[in-house]
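Everything below concerns the one structure shown next.
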Protein chains: 2
Amino acid sequence: MEINNTYKQDKEPHMGFEKELYSLHDEIGLTVVADNRIGVLHKLTGIISKLNGNILYTQQFIKNKDKGLIYMEIEGIDNEKKLIENIRSLDCVLDVEIHNSLKKIFGKRVIIVGGGAQVSQVAIGAISEADRHNIRGERISVDTMPVVGEENLADAVLAVEKLPRVGVLVLAGSLMGGKITEAIKRLKEKTDVHVISLNMFGSAPKVADLVITDPVQAGVVAVMAVAYTAKFDINKVKGKII
Amino acid sequence: MEINNTYKQDKEPHMGFEKELYSLHDEIGLTVVADNRIGVLHKLTGIISKLNGNILYTQQFIKNKDKGLIYMEIEGIDNEKKLIENIRSLDCVLDVEIHNSLKKIFGKRVIIVGGGAQVSQVAIGAISEADRHNIRGERISVDTMPVVGEENLADAVLAVEKLPRVGVLVLAGSLMGGKITEAIKRLKEKTDVHVISLNMFGSAPKVADLVITDPVQAGVVAVMAVAYTAKFDINKVKGKII
(Lines give C-alpha, C1' and ligand atoms only; values in the text may rest on other atoms or scores of the structure.)
Protein backbone atom coordinates (compact mmCIF):
# COMPACT_ATOMS: atom_id res chain seq x y z
CA MET A 1 0.00 0.00 0.00
CA GLU A 2 1.32 3.39 -0.92
CA ILE A 3 1.30 6.27 1.47
CA ASN A 4 -1.33 8.78 0.42
CA ASN A 5 0.15 12.07 -0.71
CA THR A 6 -1.80 14.01 1.90
CA TYR A 7 0.67 12.57 4.41
CA LYS A 8 4.36 13.29 4.30
CA GLN A 9 7.38 12.26 6.32
CA ASP A 10 9.21 15.55 6.73
CA LYS A 11 6.65 18.02 7.87
CA GLU A 12 7.53 21.68 7.71
CA PRO A 13 7.15 23.28 11.12
CA HIS A 14 3.91 25.25 11.29
CA MET A 15 4.12 28.98 12.04
CA GLY A 16 7.84 28.66 12.88
CA PHE A 17 6.69 27.71 16.36
CA GLU A 18 8.87 24.67 16.88
CA LYS A 19 11.98 26.57 15.87
CA GLU A 20 11.16 29.27 18.41
CA LEU A 21 10.42 26.63 21.04
CA TYR A 22 13.94 25.25 20.85
CA SER A 23 15.74 28.59 20.92
CA LEU A 24 14.54 29.83 24.28
CA HIS A 25 18.03 29.98 25.85
CA ASP A 26 18.21 33.73 25.30
CA GLU A 27 14.61 34.38 26.36
CA ILE A 28 13.39 35.27 29.83
CA GLY A 29 9.98 35.52 31.44
CA LEU A 30 9.23 38.65 33.47
CA THR A 31 6.28 39.16 35.81
CA VAL A 32 5.59 42.56 37.35
CA VAL A 33 2.75 43.50 39.68
CA ALA A 34 2.22 47.26 39.76
CA ASP A 35 -0.29 49.94 40.69
CA ASN A 36 -3.11 50.46 38.18
CA ARG A 37 -2.12 53.90 36.92
CA ILE A 38 -1.34 55.79 33.73
CA GLY A 39 2.19 55.35 32.41
CA VAL A 40 3.29 52.14 34.16
CA LEU A 41 3.76 50.14 30.96
CA HIS A 42 5.62 53.10 29.39
CA LYS A 43 8.14 53.27 32.27
CA LEU A 44 8.61 49.50 32.29
CA THR A 45 9.17 49.23 28.53
CA GLY A 46 11.63 52.14 28.75
CA ILE A 47 13.80 50.15 31.18
CA ILE A 48 13.59 47.07 28.94
CA SER A 49 14.55 48.84 25.72
CA LYS A 50 17.48 50.61 27.41
CA LEU A 51 18.85 47.16 28.28
CA ASN A 52 18.39 46.06 24.63
CA GLY A 53 15.48 43.77 25.41
CA ASN A 54 13.14 42.89 22.55
CA ILE A 55 9.66 42.12 23.90
CA LEU A 56 8.30 39.08 22.09
CA TYR A 57 5.12 38.67 24.10
CA THR A 58 3.12 40.77 26.56
CA GLN A 59 0.05 39.97 28.58
CA GLN A 60 -1.10 42.76 30.87
CA PHE A 61 -4.36 42.98 32.77
CA ILE A 62 -5.98 44.50 35.84
CA LYS A 63 -6.07 42.04 38.74
CA ASN A 64 -8.39 44.26 40.73
CA LYS A 65 -9.10 47.98 40.80
CA ASP A 66 -5.73 48.87 42.30
CA LYS A 67 -3.27 46.42 40.79
CA GLY A 68 -2.19 45.29 37.35
CA LEU A 69 -0.16 42.24 36.35
CA ILE A 70 2.28 42.38 33.45
CA TYR A 71 3.81 39.19 32.06
CA MET A 72 6.42 39.44 29.30
CA GLU A 73 8.73 37.21 27.28
CA ILE A 74 11.88 39.14 26.38
CA GLU A 75 14.99 38.27 24.38
CA GLY A 76 18.41 39.88 24.31
CA ILE A 77 18.48 41.47 27.79
CA ASP A 78 22.07 42.60 28.50
CA ASN A 79 21.91 42.46 32.28
CA GLU A 80 19.16 40.66 34.18
CA LYS A 81 20.32 41.94 37.57
CA LYS A 82 20.14 45.53 36.34
CA LEU A 83 16.71 44.83 34.81
CA ILE A 84 15.25 43.68 38.10
CA GLU A 85 16.94 46.51 40.07
CA ASN A 86 15.68 49.19 37.71
CA ILE A 87 12.15 47.84 37.71
CA ARG A 88 12.15 47.59 41.50
CA SER A 89 13.18 51.24 41.74
CA LEU A 90 9.92 52.36 40.09
CA ASP A 91 7.58 53.54 42.83
CA CYS A 92 4.52 52.07 41.10
CA VAL A 93 5.99 48.53 41.22
CA LEU A 94 4.84 46.14 43.95
CA ASP A 95 6.48 42.89 42.86
CA VAL A 96 9.00 41.74 40.20
CA GLU A 97 10.07 38.27 39.20
CA ILE A 98 12.32 36.92 36.44
CA HIS A 99 11.61 33.30 35.51
CA ASN A 100 11.62 30.90 32.59
CA SER A 101 9.60 31.94 29.57
CA LEU A 102 6.14 30.37 29.69
CA LYS A 103 6.02 30.00 25.90
CA LYS A 104 6.51 26.27 26.11
CA ILE A 105 3.68 25.96 28.65
CA PHE A 106 1.03 27.84 26.69
CA GLY A 107 1.82 26.21 23.35
CA LYS A 108 -0.21 26.32 20.16
CA ARG A 109 -3.94 26.82 20.31
CA VAL A 110 -6.91 25.25 18.64
CA ILE A 111 -9.99 27.46 19.05
CA ILE A 112 -13.53 26.12 18.75
CA VAL A 113 -16.47 28.54 18.45
CA GLY A 114 -20.16 27.92 18.01
CA GLY A 115 -23.09 26.22 19.70
CA GLY A 116 -22.61 24.33 22.97
CA ALA A 117 -23.66 20.89 21.71
CA GLN A 118 -21.28 20.86 18.74
CA VAL A 119 -18.48 22.74 20.50
CA SER A 120 -18.31 20.06 23.19
CA GLN A 121 -18.21 17.24 20.61
CA VAL A 122 -15.42 18.94 18.64
CA ALA A 123 -13.61 19.50 21.96
CA ILE A 124 -13.70 15.77 22.76
CA GLY A 125 -11.89 15.00 19.51
CA ALA A 126 -9.44 17.88 19.84
CA ILE A 127 -8.54 17.29 23.50
CA SER A 128 -7.98 13.55 22.98
CA GLU A 129 -5.81 14.18 19.94
CA ALA A 130 -3.90 17.01 21.66
CA ASP A 131 -3.14 14.65 24.54
CA ARG A 132 -1.65 12.12 22.11
CA HIS A 133 0.71 14.74 20.67
CA ASN A 134 1.52 16.37 23.99
CA ILE A 135 2.67 12.98 25.30
CA ARG A 136 5.27 13.12 22.54
CA GLY A 137 6.53 16.52 23.66
CA GLU A 138 4.20 19.02 22.01
CA ARG A 139 2.08 21.65 23.72
CA ILE A 140 -1.30 22.04 22.10
CA SER A 141 -4.14 23.72 24.00
CA VAL A 142 -7.80 23.57 23.09
CA ASP A 143 -9.84 26.70 23.81
CA THR A 144 -13.55 27.08 23.29
CA MET A 145 -16.01 29.93 23.02
CA PRO A 146 -19.65 28.85 23.16
CA VAL A 147 -21.22 31.87 21.49
CA VAL A 148 -24.82 32.78 20.66
CA GLY A 149 -26.00 34.75 17.62
CA GLU A 150 -24.61 35.88 14.25
CA GLU A 151 -23.25 39.20 15.51
CA ASN A 152 -21.44 37.66 18.47
CA LEU A 153 -20.04 34.80 16.42
CA ALA A 154 -18.70 37.22 13.81
CA ASP A 155 -17.04 39.23 16.61
CA ALA A 156 -15.54 36.06 18.08
CA VAL A 157 -14.08 35.05 14.70
CA LEU A 158 -12.59 38.53 14.22
CA ALA A 159 -11.17 38.47 17.75
CA VAL A 160 -9.06 35.42 16.84
CA GLU A 161 -6.84 37.83 14.89
CA LYS A 162 -5.81 39.48 18.16
CA LEU A 163 -4.95 36.22 19.92
CA PRO A 164 -1.45 34.75 20.01
CA ARG A 165 -0.45 31.22 19.02
CA VAL A 166 -3.68 30.29 17.26
CA GLY A 167 -3.06 27.62 14.63
CA VAL A 168 -6.60 26.63 13.72
CA LEU A 169 -10.18 27.75 14.23
CA VAL A 170 -13.08 25.29 14.16
CA LEU A 171 -16.60 26.55 13.41
CA ALA A 172 -18.96 24.25 15.27
CA GLY A 173 -22.64 24.90 14.63
CA SER A 174 -25.65 24.09 12.46
CA LEU A 175 -26.07 27.39 10.61
CA MET A 176 -23.47 30.09 9.98
CA GLY A 177 -23.40 32.73 7.27
CA GLY A 178 -23.76 36.49 6.66
CA LYS A 179 -21.49 38.47 8.96
CA ILE A 180 -19.77 35.30 10.17
CA THR A 181 -18.74 34.47 6.60
CA GLU A 182 -17.39 38.02 6.15
CA ALA A 183 -15.46 37.68 9.42
CA ILE A 184 -13.90 34.39 8.26
CA LYS A 185 -12.80 36.04 4.99
CA ARG A 186 -11.15 38.88 6.90
CA LEU A 187 -9.45 36.49 9.34
CA LYS A 188 -8.01 34.54 6.42
CA GLU A 189 -6.72 37.75 4.81
CA LYS A 190 -5.11 38.99 8.01
CA THR A 191 -3.65 35.77 9.44
CA ASP A 192 -2.50 32.29 8.45
CA VAL A 193 -4.96 30.62 10.84
CA HIS A 194 -6.53 27.52 9.24
CA VAL A 195 -10.33 27.42 9.34
CA ILE A 196 -12.21 24.11 9.61
CA SER A 197 -16.01 24.12 9.47
CA LEU A 198 -18.50 21.44 10.38
CA ASN A 199 -20.80 20.58 7.49
CA MET A 200 -23.69 22.98 8.15
CA PHE A 201 -26.26 25.31 6.59
CA GLY A 202 -25.24 28.82 5.52
CA SER A 203 -22.29 30.22 3.57
CA ALA A 204 -19.58 29.79 6.24
CA PRO A 205 -18.49 26.29 5.11
CA LYS A 206 -17.88 27.70 1.60
CA VAL A 207 -15.09 29.97 2.82
CA ALA A 208 -13.50 27.47 5.22
CA ASP A 209 -10.31 25.57 4.29
CA LEU A 210 -11.92 22.25 5.04
CA VAL A 211 -15.43 20.98 5.82
CA ILE A 212 -15.82 17.97 8.11
CA THR A 213 -19.19 16.45 8.97
CA ASP A 214 -18.33 14.51 12.13
CA PRO A 215 -17.54 16.91 15.01
CA VAL A 216 -15.17 14.52 16.82
CA GLN A 217 -13.20 14.05 13.61
CA ALA A 218 -13.19 17.82 13.03
CA GLY A 219 -11.52 18.22 16.45
CA VAL A 220 -8.97 15.49 15.72
CA VAL A 221 -8.11 16.94 12.30
CA ALA A 222 -7.82 20.46 13.74
CA VAL A 223 -5.11 19.25 16.12
CA MET A 224 -3.40 17.21 13.40
CA ALA A 225 -3.25 20.36 11.28
CA VAL A 226 -1.06 22.15 13.85
CA ALA A 227 0.84 19.21 15.38
CA TYR A 228 4.34 18.71 14.04
CA THR A 229 4.27 15.09 15.25
CA ALA A 230 1.29 14.47 12.91
CA LYS A 231 2.01 13.49 9.34
CA PHE A 232 -0.81 15.60 7.97
CA ASP A 233 -0.67 18.68 5.77
CA ILE A 234 -3.92 20.64 5.64
CA ASN A 235 -2.75 22.48 2.52
CA LYS A 236 -2.98 19.23 0.56
CA VAL A 237 -6.66 18.70 1.38
CA LYS A 238 -7.89 22.31 1.20
CA GLY A 239 -11.39 22.72 -0.19
CA LYS A 240 -12.41 19.13 0.57
CA ILE A 241 -15.68 18.13 2.21
CA ILE A 242 -15.73 14.86 4.15
CA MET B 1 -39.24 22.68 50.14
CA GLU B 2 -36.81 25.29 51.35
CA ILE B 3 -34.07 26.62 49.15
CA ASN B 4 -30.74 25.24 50.32
CA ASN B 5 -28.51 27.92 51.77
CA THR B 6 -25.76 27.17 49.27
CA TYR B 7 -27.99 28.95 46.76
CA LYS B 8 -28.90 32.59 47.07
CA GLN B 9 -31.07 34.98 45.14
CA ASP B 10 -28.87 38.04 44.98
CA LYS B 11 -25.51 36.86 43.89
CA GLU B 12 -22.53 39.16 44.33
CA PRO B 13 -20.79 39.72 41.03
CA HIS B 14 -17.61 37.65 40.85
CA MET B 15 -14.27 39.43 40.31
CA GLY B 16 -16.05 42.71 39.63
CA PHE B 17 -16.25 41.53 36.04
CA GLU B 18 -19.91 42.26 35.38
CA LYS B 19 -19.54 45.80 36.64
CA GLU B 20 -16.64 46.35 34.23
CA LEU B 21 -18.62 44.74 31.44
CA TYR B 22 -21.33 47.34 31.66
CA SER B 23 -19.08 50.38 31.90
CA LEU B 24 -17.30 50.04 28.59
CA HIS B 25 -18.57 53.35 27.18
CA ASP B 26 -15.26 55.04 27.98
CA GLU B 27 -13.13 52.13 26.84
CA ILE B 28 -11.67 51.60 23.37
CA GLY B 29 -9.94 48.71 21.66
CA LEU B 30 -6.71 49.46 19.80
CA THR B 31 -4.90 47.16 17.39
CA VAL B 32 -1.49 48.04 16.03
CA VAL B 33 0.67 46.01 13.65
CA ALA B 34 4.30 47.09 13.78
CA ASP B 35 7.81 46.00 12.92
CA ASN B 36 9.36 43.51 15.33
CA ARG B 37 12.02 45.77 16.85
CA ILE B 38 13.27 47.04 20.17
CA GLY B 39 11.33 49.98 21.61
CA VAL B 40 8.04 49.74 19.71
CA LEU B 41 5.90 49.15 22.80
CA HIS B 42 7.74 51.95 24.62
CA LYS B 43 6.96 54.49 21.88
CA LEU B 44 3.34 53.36 21.64
CA THR B 45 2.70 53.52 25.38
CA GLY B 46 4.33 56.98 25.44
CA ILE B 47 1.71 58.27 22.98
CA ILE B 48 -1.09 56.65 25.01
CA SER B 49 -0.02 58.05 28.37
CA LYS B 50 0.43 61.57 26.91
CA LEU B 51 -3.25 61.42 25.90
CA ASN B 52 -4.19 60.31 29.43
CA GLY B 53 -5.00 56.76 28.40
CA ASN B 54 -4.95 54.09 31.09
CA ILE B 55 -4.13 50.69 29.58
CA LEU B 56 -6.40 48.07 31.13
CA TYR B 57 -5.38 45.15 28.97
CA THR B 58 -2.52 44.38 26.58
CA GLN B 59 -1.87 41.38 24.39
CA GLN B 60 1.24 41.65 22.23
CA PHE B 61 2.90 38.93 20.21
CA ILE B 62 5.07 38.29 17.18
CA LYS B 63 2.99 37.35 14.14
CA ASN B 64 6.07 36.30 12.21
CA LYS B 65 9.76 37.21 12.34
CA ASP B 66 9.20 40.75 11.04
CA LYS B 67 5.88 41.85 12.48
CA GLY B 68 4.26 42.14 15.89
CA LEU B 69 0.60 42.64 16.76
CA ILE B 70 -0.41 44.73 19.77
CA TYR B 71 -4.00 44.70 21.03
CA MET B 72 -4.99 47.00 23.90
CA GLU B 73 -8.06 48.03 25.88
CA ILE B 74 -7.67 51.64 27.00
CA GLU B 75 -9.83 53.97 29.08
CA GLY B 76 -9.79 57.74 29.37
CA ILE B 77 -8.27 58.69 26.00
CA ASP B 78 -8.71 62.46 25.50
CA ASN B 79 -8.61 62.51 21.72
CA GLU B 80 -9.03 59.37 19.61
CA LYS B 81 -8.19 61.16 16.35
CA LYS B 82 -4.91 62.41 17.81
CA LEU B 83 -4.18 58.90 19.14
CA ILE B 84 -4.47 57.32 15.73
CA GLU B 85 -2.54 60.14 14.01
CA ASN B 86 0.33 59.99 16.49
CA ILE B 87 0.57 56.22 16.26
CA ARG B 88 0.51 56.35 12.46
CA SER B 89 3.39 58.81 12.50
CA LEU B 90 5.71 56.23 14.09
CA ASP B 91 7.88 54.77 11.33
CA CYS B 92 7.74 51.28 12.85
CA VAL B 93 3.93 51.15 12.56
CA LEU B 94 2.34 49.29 9.63
CA ASP B 95 -1.35 49.36 10.58
CA VAL B 96 -3.55 50.98 13.27
CA GLU B 97 -7.19 50.45 14.10
CA ILE B 98 -9.47 51.75 16.86
CA HIS B 99 -12.49 49.54 17.52
CA ASN B 100 -14.77 48.34 20.29
CA SER B 101 -13.10 46.75 23.30
CA LEU B 102 -13.06 42.98 22.94
CA LYS B 103 -13.50 42.48 26.68
CA LYS B 104 -17.08 41.34 26.27
CA ILE B 105 -16.06 38.82 23.59
CA PHE B 106 -13.31 37.10 25.54
CA GLY B 107 -15.27 36.93 28.78
CA LYS B 108 -14.46 34.94 31.90
CA ARG B 109 -12.44 31.78 31.62
CA VAL B 110 -12.71 28.32 33.09
CA ILE B 111 -9.40 26.46 32.68
CA ILE B 112 -9.15 22.68 32.77
CA VAL B 113 -5.74 21.00 33.10
CA GLY B 114 -4.74 17.36 33.37
CA GLY B 115 -5.03 14.10 31.45
CA GLY B 116 -6.82 13.97 28.10
CA ALA B 117 -9.55 11.50 29.10
CA GLN B 118 -10.69 13.48 32.15
CA VAL B 119 -10.07 16.90 30.63
CA SER B 120 -12.47 16.10 27.77
CA GLN B 121 -15.18 14.86 30.17
CA VAL B 122 -14.89 17.99 32.34
CA ALA B 123 -15.00 20.05 29.15
CA ILE B 124 -18.32 18.47 28.11
CA GLY B 125 -19.91 19.60 31.38
CA ALA B 126 -18.30 23.03 31.32
CA ILE B 127 -19.05 23.84 27.67
CA SER B 128 -22.71 22.77 27.98
CA GLU B 129 -23.16 24.81 31.14
CA ALA B 130 -21.32 27.83 29.68
CA ASP B 131 -23.67 27.71 26.69
CA ARG B 132 -26.68 27.87 29.01
CA HIS B 133 -25.36 31.00 30.69
CA ASN B 134 -24.07 32.62 27.51
CA ILE B 135 -27.58 32.34 26.06
CA ARG B 136 -28.63 34.58 28.93
CA GLY B 137 -26.03 37.22 28.07
CA GLU B 138 -22.86 36.03 29.79
CA ARG B 139 -19.52 35.31 28.15
CA ILE B 140 -17.82 32.30 29.65
CA SER B 141 -15.04 30.53 27.75
CA VAL B 142 -13.67 27.10 28.51
CA ASP B 143 -9.95 26.59 27.89
CA THR B 144 -8.08 23.35 28.31
CA MET B 145 -4.47 22.28 28.65
CA PRO B 146 -3.94 18.55 28.30
CA VAL B 147 -0.60 18.25 30.09
CA VAL B 148 1.70 15.32 30.83
CA GLY B 149 3.86 14.86 33.95
CA GLU B 150 4.15 16.40 37.43
CA GLU B 151 6.66 19.08 36.45
CA ASN B 152 4.62 20.26 33.45
CA LEU B 153 1.35 20.22 35.37
CA ALA B 154 2.88 22.27 38.18
CA ASP B 155 4.14 24.78 35.59
CA ALA B 156 0.68 24.93 33.98
CA VAL B 157 -0.99 25.62 37.35
CA LEU B 158 1.53 28.39 38.11
CA ALA B 159 1.02 29.89 34.63
CA VAL B 160 -2.66 30.47 35.45
CA GLU B 161 -1.48 33.37 37.64
CA LYS B 162 -0.26 35.19 34.52
CA LEU B 163 -3.53 34.73 32.59
CA PRO B 164 -6.31 37.30 32.54
CA ARG B 165 -10.00 36.69 33.35
CA VAL B 166 -9.55 33.26 34.91
CA GLY B 167 -12.33 32.53 37.38
CA VAL B 168 -11.78 28.86 38.10
CA LEU B 169 -9.24 26.11 37.51
CA VAL B 170 -10.28 22.45 37.32
CA LEU B 171 -7.69 19.73 38.01
CA ALA B 172 -8.73 16.76 35.89
CA GLY B 173 -6.63 13.65 36.44
CA SER B 174 -6.20 10.44 38.43
CA LEU B 175 -3.09 11.30 40.46
CA MET B 176 -1.76 14.74 41.36
CA GLY B 177 0.49 15.73 44.25
CA GLY B 178 4.02 16.92 45.07
CA LYS B 179 4.99 19.95 43.01
CA ILE B 180 1.44 20.27 41.65
CA THR B 181 0.10 20.65 45.19
CA GLU B 182 2.74 23.30 45.93
CA ALA B 183 1.76 25.12 42.72
CA ILE B 184 -1.92 25.12 43.74
CA LYS B 185 -1.02 26.58 47.13
CA ARG B 186 0.95 29.37 45.46
CA LEU B 187 -1.82 30.08 42.97
CA LYS B 188 -4.31 30.41 45.83
CA GLU B 189 -1.99 32.79 47.67
CA LYS B 190 -1.41 34.99 44.63
CA THR B 191 -4.89 35.07 43.07
CA ASP B 192 -8.58 34.59 43.89
CA VAL B 193 -8.97 31.82 41.29
CA HIS B 194 -11.20 29.01 42.61
CA VAL B 195 -9.70 25.52 42.37
CA ILE B 196 -11.91 22.46 41.81
CA SER B 197 -10.31 19.01 41.80
CA LEU B 198 -11.66 15.70 40.63
CA ASN B 199 -11.60 13.07 43.36
CA MET B 200 -8.20 11.47 42.75
CA PHE B 201 -5.09 10.02 44.35
CA GLY B 202 -2.36 12.33 45.67
CA SER B 203 -2.40 15.46 47.81
CA ALA B 204 -3.81 17.90 45.23
CA PRO B 205 -7.49 17.40 46.18
CA LYS B 206 -6.60 18.29 49.79
CA VAL B 207 -5.64 21.86 48.84
CA ALA B 208 -8.50 22.40 46.34
CA ASP B 209 -11.58 24.44 47.28
CA LEU B 210 -13.91 21.66 46.26
CA VAL B 211 -13.56 18.00 45.28
CA ILE B 212 -16.03 16.54 42.77
CA THR B 213 -15.96 12.90 41.69
CA ASP B 214 -17.95 13.08 38.45
CA PRO B 215 -15.99 14.98 35.76
CA VAL B 216 -19.07 16.25 33.90
CA GLN B 217 -20.45 17.64 37.15
CA ALA B 218 -17.07 19.19 37.96
CA GLY B 219 -17.26 21.07 34.65
CA VAL B 220 -20.82 22.21 35.30
CA VAL B 221 -20.02 23.38 38.84
CA ALA B 222 -16.87 25.19 37.63
CA VAL B 223 -19.01 27.31 35.30
CA MET B 224 -21.70 27.83 37.96
CA ALA B 225 -18.98 29.15 40.27
CA VAL B 226 -18.17 32.04 37.90
CA ALA B 227 -21.57 32.63 36.27
CA TYR B 228 -23.54 35.51 37.71
CA THR B 229 -26.74 34.02 36.28
CA ALA B 230 -26.15 30.90 38.44
CA LYS B 231 -27.49 30.93 41.97
CA PHE B 232 -24.45 29.17 43.36
CA ASP B 233 -21.81 30.43 45.76
CA ILE B 234 -18.67 28.30 45.88
CA ASN B 235 -17.62 29.92 49.16
CA LYS B 236 -20.55 28.23 50.90
CA VAL B 237 -19.47 24.72 49.90
CA LYS B 238 -15.69 25.11 50.26
CA GLY B 239 -13.89 22.02 51.53
CA LYS B 240 -16.71 19.65 50.50
CA ILE B 241 -16.18 16.36 48.68
CA ILE B 242 -19.05 15.07 46.54
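Chain labels run A, B, ... following the order of the C-alpha coordinates; each chain numbers its residues from 1, and ligands are numbered from 1 in the order shown.
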
Shell of 10 Å around Asp66 (chain A), only C-alpha atoms, local chain residues under 6 positions omitted, as a PDB file with all heavy atoms, in the first residue's frame:
```pdb
ATOM      1  N   ALA A  34       2.046  45.823  39.569  1.00  0.00           N
ATOM      2  CA  ALA A  34       2.215  47.265  39.762  1.00  0.00           C
ATOM      3  C   ALA A  34       0.877  47.928  40.026  1.00  0.00           C
ATOM      4  O   ALA A  34      -0.178  47.330  39.811  1.00  0.00           O
ATOM      5  CB  ALA A  34       2.858  47.877  38.518  1.00  0.00           C
ATOM      6  N   ASP A  35       0.933  49.168  40.503  1.00  0.00           N
ATOM      7  CA  ASP A  35      -0.292  49.945  40.687  1.00  0.00           C
ATOM      8  C   ASP A  35      -0.988  50.134  39.344  1.00  0.00           C
ATOM      9  O   ASP A  35      -0.327  50.275  38.318  1.00  0.00           O
ATOM     10  CB  ASP A  35       0.041  51.340  41.245  1.00  0.00           C
ATOM     11  CG  ASP A  35       0.552  51.264  42.671  1.00  0.00           C
ATOM     12  OD1 ASP A  35       0.199  50.302  43.378  1.00  0.00           O
ATOM     13  OD2 ASP A  35       1.328  52.154  43.073  1.00  0.00           O
ATOM     14  N   ASN A  36      -2.325  50.159  39.377  1.00  0.00           N
ATOM     15  CA  ASN A  36      -3.112  50.462  38.179  1.00  0.00           C
ATOM     16  C   ASN A  36      -3.121  51.972  37.984  1.00  0.00           C
ATOM     17  O   ASN A  36      -3.952  52.676  38.545  1.00  0.00           O
ATOM     18  CB  ASN A  36      -4.539  49.916  38.356  1.00  0.00           C
ATOM     19  CG  ASN A  36      -5.467  50.334  37.222  1.00  0.00           C
ATOM     20  OD1 ASN A  36      -5.018  50.728  36.149  1.00  0.00           O
ATOM     21  ND2 ASN A  36      -6.769  50.253  37.487  1.00  0.00           N
ATOM     22  N   ARG A  37      -2.150  52.459  37.219  1.00  0.00           N
ATOM     23  CA  ARG A  37      -2.124  53.903  36.922  1.00  0.00           C
ATOM     24  C   ARG A  37      -1.545  54.190  35.531  1.00  0.00           C
ATOM     25  O   ARG A  37      -0.897  53.349  34.934  1.00  0.00           O
ATOM     26  CB  ARG A  37      -1.379  54.687  37.979  1.00  0.00           C
ATOM     27  CG  ARG A  37      -0.230  54.447  38.542  1.00  0.00           C
ATOM     28  CD  ARG A  37       0.409  55.677  39.246  1.00  0.00           C
ATOM     29  NE  ARG A  37       0.713  55.269  40.617  1.00  0.00           N
ATOM     30  CZ  ARG A  37       1.867  55.517  41.203  1.00  0.00           C
ATOM     31  NH1 ARG A  37       2.792  56.233  40.598  1.00  0.00           N
ATOM     32  NH2 ARG A  37       2.096  55.082  42.418  1.00  0.00           N
TER      33      ARG A  37
END
```

Problem - Within 7 Å of chain A: residues of chain B, using only C-alpha atoms, as an MDAnalysis selection string - result: chainID B and resid 37:39 41:42 45:46 49 52:54 56:62 71 105 116:117 120 123:124 127:128 130:131 134:135 141:148 156 162 164

Exercise for the section: Apply DSSP to the structure's backbone, then extract all residues of region 56-208 of chain B labelled helix (DSSP H, G or I) and return them as a ChimeraX atom specification. Expected result: /B:80-88,103-106,116-134,150-162,179-190,204-207

Practice task
Run DSSP on the backbone and give me the residues of region 90-126 of chain B it puts in strand (DSSP E), as a ChimeraX atom specification.
Solution key: /B:93-100,108-114
